[in-house]
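J.: Dumping the structure here so I can ask a few things about it.
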Amino acid sequence: MDSVGFIDNIRIYLEKIGLYDEKSLNPFAIWKFVDALSHGDEFLSGFGYTLSISILALMIALIFGTIGGVMATSKIKILRAYTRLYVEIFQNTPLVIQIFFLYFALPPLGIYLDVFSVGVLGVGAYHGAYVSEVVRSGILSVPKGQFEASYSQGFTYTQQMRYIILPQTIKIILPPLTNQMVNLIKNTSVLLIVAGGELMYVADGYAGEGGNYAPAYLFTAFLYFIVCFPLAYFARFYENKLKNAHLKR
């Protein structure tokens with residue numbers, strides 16, 4: 001009620017100074033932004049839904065990606081082949097098609113997933129392929145001497161990865177991994193096509209119902225921005241920090 005009263009006060013004030021005119025057809029008319037603001041609860045609800053999907057999808061991407069990256073550097077050919085197949089399929093087919101497959105193709109096979117699960121699994125598996133490549137590159141950047149030293153101490157391949165190699169790759173892969181996080185958050189917007197209930201779906205529904213497209217999508221872009229920009233900034237900052245540290249050696 002307080003927020004509604006606040007919006008009403010804004011509307012009254014703008015009317016007094018002649019800036020509020022609901023007859024205006026300008027897509028950027030102030031009254032349209034005020035109207036979008038009055039539906040802020042709906043946008044924030046969609047935003048929370050987007051963040052929920054993003055967090056769980058990120059967990060899947062990290063699990064799939066870490067396992068895939070380790071398998072891609074294994075000496076066992078079948079493991080490398082399996083990972084290569086996974087990466088090539090998911091990287092070279094659109095995310096939209098993968099979401100459609102989970103949503104429309106699985107039910108006839110007797111597998112039923114709700115939209116939330118489709119979003120988490122679809123976006124997570126898609127970005128897991130990219131994370132796998134990031135992890136693989138990080139592992140390959142570790143000097144071979146580290147592998148030889150750990151092997152000489154009796155470590156198995158799994159133990160090498162767990163205790164020696166992967167801990168060293170974290171600082172190397174953190175910048176590209178953060179960029180993948182940013183892309184993952186933005187890619188949740190594809191759930192719009194299956195009525196996913198996330199931020200873009202809410203924005204599109206509001207815009208289509210009232211015709212306030214500019215305010216709806218600008219407000220949506222702002223919500224994405226306040227999450228993605230800090231992550232992108234951190235990735236650039238940390239990457240530059242690593243470069244400067246390397247140059248000082």
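Order determines the names: the first chain of the structure tokens is A, the second B, and so forth; residues in each chain are numbered 1 upward, and ligands are numbered 1 upward as they are shown.
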Just list as a PyMOL selection string whatever in segment 64-185 of chain A DSSP marks as helix (DSSP H, G or I).

T.: chain A and resi 64-72+77-91+95-105+107-109+115-141+144-152+157-185

J.: Identify, on the basis of only C-alpha atoms, every residue whose closest approach to Thr169 of chain A does not exceed 8 Å; exclude the query and any residue fewer than 6 positions from it along the same chain; express the result as a PDB file with C-alpha atoms, in the first residue's frame.

T.:
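Output file part.pdb follows:
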ATOM      1  CA  VAL A 135      38.522 -25.751 -16.853  1.00  0.00           C
ATOM      2  CA  GLY A 138      43.146 -23.967 -16.855  1.00  0.00           C
ATOM      3  CA  ILE A 139      44.399 -27.497 -16.272  1.00  0.00           C
ATOM      4  CA  SER A 141      48.113 -24.103 -18.228  1.00  0.00           C
ATOM      5  CA  VAL A 142      49.533 -25.780 -15.098  1.00  0.00           C
TER       6      VAL A 142
END

J.: Report as a PDB file with all heavy atoms, in the first residue's frame all protein, DNA and RNA residues lying within 9 Å of Gln146 of chain A, evaluated on only C-alpha atoms, omitting residues in the same chain fewer than 6 positions from it.

T.:
ATOM      1  N   GLN A 160      45.573 -36.169  -7.996  1.00  0.00           N
ATOM      2  CA  GLN A 160      46.333 -35.057  -8.591  1.00  0.00           C
ATOM      3  C   GLN A 160      45.416 -33.864  -8.849  1.00  0.00           C
ATOM      4  O   GLN A 160      45.740 -32.721  -8.510  1.00  0.00           O
ATOM      5  CB  GLN A 160      46.973 -35.498  -9.912  1.00  0.00           C
ATOM      6  CG  GLN A 160      48.157 -36.436  -9.783  1.00  0.00           C
ATOM      7  CD  GLN A 160      48.692 -36.838 -11.149  1.00  0.00           C
ATOM      8  OE1 GLN A 160      48.122 -36.510 -12.183  1.00  0.00           O
ATOM      9  NE2 GLN A 160      49.801 -37.562 -11.149  1.00  0.00           N
ATOM     10  N   ILE A 164      46.188 -31.101  -6.143  1.00  0.00           N
ATOM     11  CA  ILE A 164      47.323 -30.366  -6.717  1.00  0.00           C
ATOM     12  C   ILE A 164      46.925 -29.428  -7.856  1.00  0.00           C
ATOM     13  O   ILE A 164      47.207 -28.227  -7.821  1.00  0.00           O
ATOM     14  CB  ILE A 164      48.410 -31.353  -7.237  1.00  0.00           C
ATOM     15  CG1 ILE A 164      48.803 -32.356  -6.152  1.00  0.00           C
ATOM     16  CG2 ILE A 164      49.623 -30.567  -7.737  1.00  0.00           C
ATOM     17  CD1 ILE A 164      49.425 -31.741  -4.920  1.00  0.00           C
ATOM     18  N   ILE A 165      46.252 -29.972  -8.862  1.00  0.00           N
ATOM     19  CA  ILE A 165      46.038 -29.234 -10.112  1.00  0.00           C
ATOM     20  C   ILE A 165      44.874 -28.254 -10.037  1.00  0.00           C
ATOM     21  O   ILE A 165      45.039 -27.052 -10.296  1.00  0.00           O
ATOM     22  CB  ILE A 165      45.827 -30.222 -11.284  1.00  0.00           C
ATOM     23  CG1 ILE A 165      46.981 -31.219 -11.353  1.00  0.00           C
ATOM     24  CG2 ILE A 165      45.698 -29.434 -12.595  1.00  0.00           C
ATOM     25  CD1 ILE A 165      48.353 -30.584 -11.473  1.00  0.00           C
TER      26      ILE A 165
END

J.: Just to confirm, what's the straight-line distance from atom CA of Phe219 of chain A to atom CA of His39 of chain A in Å (one decimal)?

T.: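 We find that atom CA of Phe219 of chain A and atom CA of His39 of chain A lie 10.8 Å from each other.
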
J.: What are the nearest atom pairs, with distances in Å to one decimal, for all residues of segment 111-228 of chain A that come at most 7 Å from segment 234-245 of chain A, using only C-alpha atoms, set out by chain and rising residue number as JSON lines?

T.:
{"residue": "A:Pro175", "atom": "CA", "partner": "A:Ala235", "partner_atom": "CA", "distance": 4.4}
{"residue": "A:Thr178", "atom": "CA", "partner": "A:Ala235", "partner_atom": "CA", "distance": 5.8}
{"residue": "A:Asn179", "atom": "CA", "partner": "A:Ala235", "partner_atom": "CA", "distance": 6.7}

J.: Emit the selected residues as a compact mmCIF listing (two decimals), in the first residue's frame, including N, CA, C and O atoms.

T.:
# COMPACT_ATOMS: atom_id res chain seq x y z
N PRO A 175 38.52 -15.30 -14.11
CA PRO A 175 37.96 -14.27 -15.01
C PRO A 175 37.03 -14.84 -16.10
O PRO A 175 35.90 -14.37 -16.24
N THR A 178 33.83 -16.10 -14.56
CA THR A 178 32.91 -15.02 -14.19
C THR A 178 32.15 -14.52 -15.40
O THR A 178 30.96 -14.21 -15.33
N ASN A 179 32.84 -14.45 -16.54
CA ASN A 179 32.17 -14.05 -17.78
C ASN A 179 31.09 -15.05 -18.16
O ASN A 179 30.03 -14.67 -18.69

J.: Tell me which protein, DNA and RNA residues are within 9 Å of Leu62 of chain A, counting only C-alpha atoms, leaving out same-chain ones fewer than 3 positions away, and put them as number ranges by chain.

T.: A: 57-59, 65-67, 124, 127-128, 131-132

J.: Write out as a PyMOL selection string which residues come within 9 Å of Ile30 of chain A when counting only C-alpha atoms, dropping same-chain ones fewer than 4 positions away.

T.: chain A and resi 14+19-22+26+34-35

J.: Compile the contact shell of segment 97-110 of chain A as an MDAnalysis selection string: residues with an atom at most 8 Å away, counting only C-alpha atoms, same-chain residues fewer than 5 positions apart removed.

T.: chainID A and resid 115 118:119 122:123 191 194

J.: Go ahead and save the picked residues with all heavy atoms, as an mmCIF file, in the first residue's frame.

T.:
data_model
loop_
_atom_site.group_PDB
_atom_site.id
_atom_site.type_symbol
_atom_site.label_atom_id
_atom_site.label_comp_id
_atom_site.auth_asym_id
_atom_site.auth_seq_id
_atom_site.Cartn_x
_atom_site.Cartn_y
_atom_site.Cartn_z
ATOM 1 N N VAL A 115 8.663 -26.013 -15.979
ATOM 2 C CA VAL A 115 9.422 -24.961 -16.661
ATOM 3 C C VAL A 115 10.668 -24.583 -15.879
ATOM 4 O O VAL A 115 11.740 -24.347 -16.457
ATOM 5 C CB VAL A 115 8.533 -23.717 -16.882
ATOM 6 C CG1 VAL A 115 9.347 -22.580 -17.491
ATOM 7 C CG2 VAL A 115 7.369 -24.057 -17.788
ATOM 8 N N VAL A 118 13.268 -27.205 -16.455
ATOM 9 C CA VAL A 118 13.763 -27.074 -17.827
ATOM 10 C C VAL A 118 14.797 -25.955 -17.914
ATOM 11 O O VAL A 118 15.851 -26.092 -18.536
ATOM 12 C CB VAL A 118 12.601 -26.803 -18.804
ATOM 13 C CG1 VAL A 118 13.133 -26.353 -20.172
ATOM 14 C CG2 VAL A 118 11.758 -28.050 -18.964
ATOM 15 N N GLY A 119 14.480 -24.829 -17.258
ATOM 16 C CA GLY A 119 15.408 -23.694 -17.270
ATOM 17 C C GLY A 119 16.720 -24.015 -16.576
ATOM 18 O O GLY A 119 17.800 -23.732 -17.109
ATOM 19 N N GLY A 122 18.474 -26.931 -18.652
ATOM 20 C CA GLY A 122 18.851 -26.492 -19.994
ATOM 21 C C GLY A 122 19.974 -25.470 -19.999
ATOM 22 O O GLY A 122 20.990 -25.643 -20.683
ATOM 23 N N VAL A 123 19.802 -24.409 -19.228
ATOM 24 C CA VAL A 123 20.823 -23.357 -19.164
ATOM 25 C C VAL A 123 22.095 -23.890 -18.503
ATOM 26 O O VAL A 123 23.212 -23.578 -18.923
ATOM 27 C CB VAL A 123 20.292 -22.126 -18.404
ATOM 28 C CG1 VAL A 123 21.381 -21.073 -18.254
ATOM 29 C CG2 VAL A 123 19.094 -21.529 -19.132
ATOM 30 N N LEU A 191 13.964 -18.462 -21.684
ATOM 31 C CA LEU A 191 12.806 -19.183 -21.142
ATOM 32 C C LEU A 191 11.501 -18.472 -21.460
ATOM 33 O O LEU A 191 10.416 -19.025 -21.253
ATOM 34 C CB LEU A 191 12.965 -19.361 -19.629
ATOM 35 C CG LEU A 191 14.137 -20.239 -19.191
ATOM 36 C CD1 LEU A 191 14.198 -20.324 -17.675
ATOM 37 C CD2 LEU A 191 14.035 -21.621 -19.792
ATOM 38 N N VAL A 194 9.033 -20.437 -23.558
ATOM 39 C CA VAL A 194 8.224 -21.517 -22.984
ATOM 40 C C VAL A 194 7.470 -21.023 -21.748
ATOM 41 O O VAL A 194 7.166 -21.793 -20.849
ATOM 42 C CB VAL A 194 9.081 -22.755 -22.637
ATOM 43 C CG1 VAL A 194 9.580 -23.434 -23.894
ATOM 44 C CG2 VAL A 194 10.234 -22.393 -21.708
#

J.: Can you measure atom CA of Glu198 of chain A to atom CA of Leu223 of chain A for me? One decimal in Å is fine.

T.: 12.0 Å

J.: Nearest to Phe90 of chain A among A:Arg11, A:Ile55, A:Tyr206, A:Ala129, with distances taken over only C-alpha atoms: which residue is it?

T.: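 So, comparing all the options, the nearest one is A:Ala129.
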
J.: Extract, using only C-alpha atoms, all DNA, RNA and protein residues at most 9 Å from Tyr49 of chain A, discarding same-chain residues fewer than 2 positions from it, and format them as an mmCIF file with C-alpha atoms, in the first residue's frame.

T.:
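The result, written out as out07.cif:
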data_model
loop_
_atom_site.group_PDB
_atom_site.id
_atom_site.type_symbol
_atom_site.label_atom_id
_atom_site.label_comp_id
_atom_site.auth_asym_id
_atom_site.auth_seq_id
_atom_site.Cartn_x
_atom_site.Cartn_y
_atom_site.Cartn_z
ATOM 1 C CA LEU A 44 10.905 -7.933 -8.950
ATOM 2 C CA SER A 45 9.120 -11.257 -8.632
ATOM 3 C CA GLY A 46 10.328 -12.228 -12.120
ATOM 4 C CA PHE A 47 13.782 -10.968 -11.228
ATOM 5 C CA LEU A 51 18.145 -15.292 -9.965
ATOM 6 C CA SER A 52 16.869 -18.601 -8.577
ATOM 7 C CA ILE A 53 17.227 -20.286 -11.964
ATOM 8 C CA SER A 54 20.639 -18.665 -12.470
ATOM 9 C CA PHE A 116 11.707 -24.177 -13.722
ATOM 10 C CA GLY A 197 7.943 -16.932 -15.617
ATOM 11 C CA GLU A 198 11.328 -15.234 -15.372
ATOM 12 C CA LEU A 199 12.082 -11.528 -15.777
#
